[in-house]
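Okay, so here's the structure we're looking at.
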Amino acid sequence: MKNDHTGKPLAIGIVSLLIFLGAWELFCRFGFIEPLFLPAPTKILSRAIKMVDNGQLIAHTLASTRRVMVGFLVSSLIAIPFGIFLGSYGFFRAVFDPFISLLRPLPSMSWIPLSLLWLGITETQKYAIVFMGSFAPSLLYIIEATKGIDPLLIRAAKNLGASRLDVMREVILPGSLPQIIAGLKVMLGIAWTCIISAELVAAREGLGFMIMNGKEYFQTDTVLLGMVMISITVLIIDLVFRKFEKRVLPWRQ
Amino acid sequence: METVSNGAKISIQGVTKIYSGKRGEITALKDLSLDVKDGELLVVVGASGCGKTTLLNLVAGFEAPTRGRILLDGEPVTGITPECGMIFQHYALFPWKTVQDNVEFGLKMKGMSKKERRQRAARFIDMVGLKGFESSYPHHLSGGMKQRVSIARSLANNPKVMLLDEPFAALDAMTRQVLQEQLVRIYEKHRKTIIFITHSIDEALLLSSRIVVMTARPGRIAQEIVNDLPYPRNADVQLSNRFMEIKRTIWESVQAEVMKSMEVETA
């Protein structure tokens, strides 16, 4: 009987969530909580239905998702080849090391004033924030990943006639891909942090803007709805990313 | 230095290799000279730490000798060359490539067309008895199968010389015997020049056309024996009187070297 619970964690999780939501609902119904501070789940749900109807919820979600994706893709597409190059050449790694070391600790938030000054409240500014927040850490992940390659494989490749470029493309890239993808998953989370911060400060749409706007008009249900939407969207993207991971790493199964 | 080619496929001339580390210098090889003729299967036997692997790494161009030189077809080896195909003890297969793609690797590097590559690789996969495993990934294969892929990968690339660094040492006894016989058959058929490194005297006798015994560090040549056991050979050759005779000769010389190396360690 003890091992009878395997395969049930999902069901347990759903029940636990429902009990939590039920308790929350009851506390609000009986007036223990001021609705301005914490509206009932049903209130948030009816706000969600209203905002789906007028198209705003989808529009805000898509705006944030698009910004994250564009910034994250541009950052990854540059960081992957550049990181592999730096991972292969110690000299160039030494050249760029001080810049990467200085950029990495900067939170994406700290780029917001400068990006607004340079680019205004534009889409480009949003992409730039995501890029600046994720590029340096991505680069470090990728350089680190290239160090995990078995030097014997590089030797074997050269012995079979591979040039330095071949080694990078055929050995270092595929060999470090599992670690690179693990790093990019973390970076995707950071990209979301970047975009929500940027939207909280200055934006005309997006989930961050929706939350900030809800606060301005004392619509606490809108604020909470925005937060819930961020969670759900990130979870969905994470699932898609896992599917992608299985496709590009067939040899890991 | 004169560049007189003496007709040897590989000519190792007065090679010394010294590694300098934090704890001083280690002389791995000292003034070693050795010629390997075309179509010879030379087995180098020696106790562990005698510099056998160093010797192979020098021939493959992975490392450069401190003194002396190595000629391949009369030309000095100056870097890693696909002309000397290396087979590593731990296979060194690309885990993200299928058997087919592993075997095709060298051909892809040469710029051979995909179709031609497929055909050529298929031939060598078949030769090592792995037909049907083309689309498997290395981690699904046993050690013996991995080493066969590695041999096929090297053969497909058609190197002038094959270098095998204790390739069967990590395999169980049964698998080892199957692969030894397979290698002998491949050698009998292709007559490639092969340098094979091992610490097993039985393996040396089963495979070689000539055996070189190396001394304890610094590695030099202690003894050379022409192995006149007739080809085609199989495991049965181990039961012949001549086998035992040669084995005794080698054993005495290897034993002396092992004793010497133990003395060095305890000194």
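Chain labels follow the order of the structure tokens: the first chain is A, the next B, and so on; residue numbering restarts at 1 in every chain, and ligands are counted from 1 in their shown order.
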**OP:** Using only C-alpha atoms, determine which residues lie at most 10 Å from Lys9 (chain B), disregarding the query and same-chain residues fewer than 3 positions distant; provide the list as a PyMOL selection string.
**Re:** chain B and resi 5-6+12+35-40+71-75+160-161+193
If you keep N, CA and C atoms, can you produce a file of those selected residues as a PDB file, in the first residue's frame?
```pdb
ATOM      1  N   SER B   5      65.409   8.793 -46.962  1.00  0.00           N
ATOM      2  CA  SER B   5      64.348   7.841 -46.687  1.00  0.00           C
ATOM      3  C   SER B   5      64.935   6.445 -46.797  1.00  0.00           C
ATOM      4  N   ASN B   6      64.732   5.662 -45.740  1.00  0.00           N
ATOM      5  CA  ASN B   6      65.298   4.320 -45.764  1.00  0.00           C
ATOM      6  C   ASN B   6      64.257   3.286 -46.173  1.00  0.00           C
ATOM      7  N   ILE B  12      61.274   6.254 -36.840  1.00  0.00           N
ATOM      8  CA  ILE B  12      61.439   7.015 -35.605  1.00  0.00           C
ATOM      9  C   ILE B  12      62.935   7.107 -35.365  1.00  0.00           C
ATOM     10  N   ASP B  35      62.161   1.526 -36.934  1.00  0.00           N
ATOM     11  CA  ASP B  35      61.560   1.625 -38.265  1.00  0.00           C
ATOM     12  C   ASP B  35      60.384   0.662 -38.363  1.00  0.00           C
ATOM     13  N   VAL B  36      59.327   1.132 -38.985  1.00  0.00           N
ATOM     14  CA  VAL B  36      58.179   0.264 -39.222  1.00  0.00           C
ATOM     15  C   VAL B  36      58.009   0.148 -40.726  1.00  0.00           C
ATOM     16  N   LYS B  37      58.063  -1.094 -41.211  1.00  0.00           N
ATOM     17  CA  LYS B  37      57.991  -1.306 -42.655  1.00  0.00           C
ATOM     18  C   LYS B  37      56.543  -1.257 -43.129  1.00  0.00           C
ATOM     19  N   ASP B  38      56.399  -1.000 -44.428  1.00  0.00           N
ATOM     20  CA  ASP B  38      55.064  -0.961 -45.024  1.00  0.00           C
ATOM     21  C   ASP B  38      54.396  -2.331 -44.869  1.00  0.00           C
ATOM     22  N   GLY B  39      53.172  -2.325 -44.405  1.00  0.00           N
ATOM     23  CA  GLY B  39      52.418  -3.575 -44.285  1.00  0.00           C
ATOM     24  C   GLY B  39      52.774  -4.420 -43.087  1.00  0.00           C
ATOM     25  N   GLU B  40      53.499  -3.819 -42.146  1.00  0.00           N
ATOM     26  CA  GLU B  40      53.899  -4.556 -40.956  1.00  0.00           C
ATOM     27  C   GLU B  40      52.875  -4.345 -39.847  1.00  0.00           C
ATOM     28  N   LEU B  71      59.547  10.235 -39.213  1.00  0.00           N
ATOM     29  CA  LEU B  71      59.219  10.399 -40.628  1.00  0.00           C
ATOM     30  C   LEU B  71      58.093   9.455 -41.013  1.00  0.00           C
ATOM     31  N   LEU B  72      57.156   9.978 -41.811  1.00  0.00           N
ATOM     32  CA  LEU B  72      56.116   9.148 -42.395  1.00  0.00           C
ATOM     33  C   LEU B  72      56.333   9.200 -43.897  1.00  0.00           C
ATOM     34  N   ASP B  73      56.633   8.077 -44.510  1.00  0.00           N
ATOM     35  CA  ASP B  73      56.980   8.035 -45.938  1.00  0.00           C
ATOM     36  C   ASP B  73      58.098   9.019 -46.268  1.00  0.00           C
ATOM     37  N   GLY B  74      59.052   9.145 -45.361  1.00  0.00           N
ATOM     38  CA  GLY B  74      60.192  10.017 -45.597  1.00  0.00           C
ATOM     39  C   GLY B  74      59.954  11.479 -45.269  1.00  0.00           C
ATOM     40  N   GLU B  75      58.687  11.843 -44.938  1.00  0.00           N
ATOM     41  CA  GLU B  75      58.387  13.246 -44.607  1.00  0.00           C
ATOM     42  C   GLU B  75      58.235  13.379 -43.095  1.00  0.00           C
ATOM     43  N   LYS B 160      47.147   5.849 -43.954  1.00  0.00           N
ATOM     44  CA  LYS B 160      48.312   5.063 -44.368  1.00  0.00           C
ATOM     45  C   LYS B 160      48.730   4.116 -43.252  1.00  0.00           C
ATOM     46  N   VAL B 161      48.560   4.606 -42.023  1.00  0.00           N
ATOM     47  CA  VAL B 161      49.012   3.849 -40.858  1.00  0.00           C
ATOM     48  C   VAL B 161      47.891   3.849 -39.838  1.00  0.00           C
ATOM     49  N   THR B 193      49.754  -0.823 -42.613  1.00  0.00           N
ATOM     50  CA  THR B 193      50.800  -0.704 -41.617  1.00  0.00           C
ATOM     51  C   THR B 193      50.124  -0.369 -40.287  1.00  0.00           C
TER      52      THR B 193
END
```
**OP:** Dump as a list in words the residues of chain A that approach chain B to within 6 Å, counting only C-alpha atoms.
**Re:**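 The selection requested is Leu153, Asn159, Leu160, Gly161, Ala162 and Trp251 of chain A.
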Subject >> Pick from A:Leu106, A:Ile237, A:Ile230, A:Met187, whichever lies nearest to Leu57 (chain A) using only C-alpha atoms >> reply: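 Smallest separation from Leu57 (chain A) among the options: A:Ile230.
Comparing the minimum interatomic distances between Thr198 (chain B) and each of B:Gln255, B:Met145, B:Gly111, B:Leu163, counting only C-alpha atoms, we find that B:Leu163 sits nearest.
Excluding Val95 (chain A) itself and same-chain residues fewer than 6 positions from it, the residues having an atom within 12 Å of it are Leu86, Tyr89 and Ser101 of chain A, counting only C-alpha atoms.
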**OP:** May I have all residues of region 141-255 of chain B that DSSP, computed from the backbone, assigns to strand (DSSP E or B), given as JSON, numbers by chain?
**Re:** {"B": [161, 162, 163, 164, 165, 193, 194, 195, 196, 197, 198, 210, 211, 212, 213, 214, 219, 221, 222, 223, 224, 225, 226]}
Selection from above, N, CA and C atoms, as an mmCIF file, in the first residue's frame, can you write it?
```
data_model
loop_
_atom_site.group_PDB
_atom_site.id
_atom_site.type_symbol
_atom_site.label_atom_id
_atom_site.label_comp_id
_atom_site.auth_asym_id
_atom_site.auth_seq_id
_atom_site.Cartn_x
_atom_site.Cartn_y
_atom_site.Cartn_z
ATOM 1 N N VAL B 161 48.560 4.606 -42.023
ATOM 2 C CA VAL B 161 49.012 3.849 -40.858
ATOM 3 C C VAL B 161 47.891 3.849 -39.838
ATOM 4 N N MET B 162 47.709 2.719 -39.158
ATOM 5 C CA MET B 162 46.742 2.700 -38.058
ATOM 6 C C MET B 162 47.491 2.548 -36.742
ATOM 7 N N LEU B 163 47.122 3.385 -35.783
ATOM 8 C CA LEU B 163 47.765 3.354 -34.475
ATOM 9 C C LEU B 163 46.719 2.914 -33.467
ATOM 10 N N LEU B 164 46.988 1.836 -32.753
ATOM 11 C CA LEU B 164 46.016 1.343 -31.780
ATOM 12 C C LEU B 164 46.626 1.355 -30.386
ATOM 13 N N ASP B 165 46.010 2.142 -29.502
ATOM 14 C CA ASP B 165 46.544 2.328 -28.155
ATOM 15 C C ASP B 165 45.770 1.461 -27.161
ATOM 16 N N THR B 193 49.754 -0.823 -42.613
ATOM 17 C CA THR B 193 50.800 -0.704 -41.617
ATOM 18 C C THR B 193 50.124 -0.369 -40.287
ATOM 19 N N ILE B 194 50.436 -1.160 -39.268
ATOM 20 C CA ILE B 194 49.754 -0.973 -37.987
ATOM 21 C C ILE B 194 50.776 -0.952 -36.855
ATOM 22 N N ILE B 195 50.618 0.016 -35.957
ATOM 23 C CA ILE B 195 51.367 -0.045 -34.692
ATOM 24 C C ILE B 195 50.330 -0.266 -33.599
ATOM 25 N N PHE B 196 50.520 -1.312 -32.845
ATOM 26 C CA PHE B 196 49.546 -1.732 -31.849
ATOM 27 C C PHE B 196 50.248 -1.768 -30.500
ATOM 28 N N ILE B 197 49.650 -1.120 -29.523
ATOM 29 C CA ILE B 197 50.274 -1.081 -28.213
ATOM 30 C C ILE B 197 49.493 -1.933 -27.230
ATOM 31 N N THR B 198 50.196 -2.688 -26.431
ATOM 32 C CA THR B 198 49.517 -3.536 -25.439
ATOM 33 C C THR B 198 50.477 -3.852 -24.298
ATOM 34 N N ARG B 210 55.763 -8.441 -35.925
ATOM 35 C CA ARG B 210 57.003 -8.183 -35.210
ATOM 36 C C ARG B 210 56.648 -7.574 -33.850
ATOM 37 N N ILE B 211 57.463 -7.895 -32.855
ATOM 38 C CA ILE B 211 57.196 -7.395 -31.510
ATOM 39 C C ILE B 211 58.402 -6.610 -31.012
ATOM 40 N N VAL B 212 58.101 -5.478 -30.392
ATOM 41 C CA VAL B 212 59.160 -4.695 -29.764
ATOM 42 C C VAL B 212 58.834 -4.613 -28.277
ATOM 43 N N VAL B 213 59.788 -4.971 -27.447
ATOM 44 C CA VAL B 213 59.586 -4.851 -25.999
ATOM 45 C C VAL B 213 60.266 -3.574 -25.536
ATOM 46 N N MET B 214 59.531 -2.754 -24.800
ATOM 47 C CA MET B 214 60.133 -1.508 -24.328
ATOM 48 C C MET B 214 60.604 -1.634 -22.898
ATOM 49 N N GLY B 219 61.706 5.143 -21.632
ATOM 50 C CA GLY B 219 61.423 4.085 -22.583
ATOM 51 C C GLY B 219 62.442 3.981 -23.711
ATOM 52 N N ILE B 221 64.137 0.606 -26.475
ATOM 53 C CA ILE B 221 63.777 -0.716 -26.964
ATOM 54 C C ILE B 221 64.671 -1.764 -26.309
ATOM 55 N N ALA B 222 64.053 -2.712 -25.623
ATOM 56 C CA ALA B 222 64.819 -3.736 -24.919
ATOM 57 C C ALA B 222 65.065 -4.929 -25.826
ATOM 58 N N GLN B 223 64.069 -5.254 -26.647
ATOM 59 C CA GLN B 223 64.176 -6.467 -27.438
ATOM 60 C C GLN B 223 63.247 -6.381 -28.641
ATOM 61 N N GLU B 224 63.681 -7.004 -29.722
ATOM 62 C CA GLU B 224 62.865 -7.047 -30.930
ATOM 63 C C GLU B 224 62.722 -8.486 -31.353
ATOM 64 N N ILE B 225 61.534 -8.921 -31.629
ATOM 65 C CA ILE B 225 61.318 -10.314 -32.023
ATOM 66 C C ILE B 225 60.445 -10.340 -33.269
ATOM 67 N N VAL B 226 60.937 -11.042 -34.284
ATOM 68 C CA VAL B 226 60.086 -11.254 -35.452
ATOM 69 C C VAL B 226 59.176 -12.421 -35.126
#
```
**OP:** Using only C-alpha atoms, find the one residue out of B:Gln89, B:Pro232, B:Glu252, B:Ala121 that sits nearest to Lys189 (chain B).
**Re:** B:Pro232
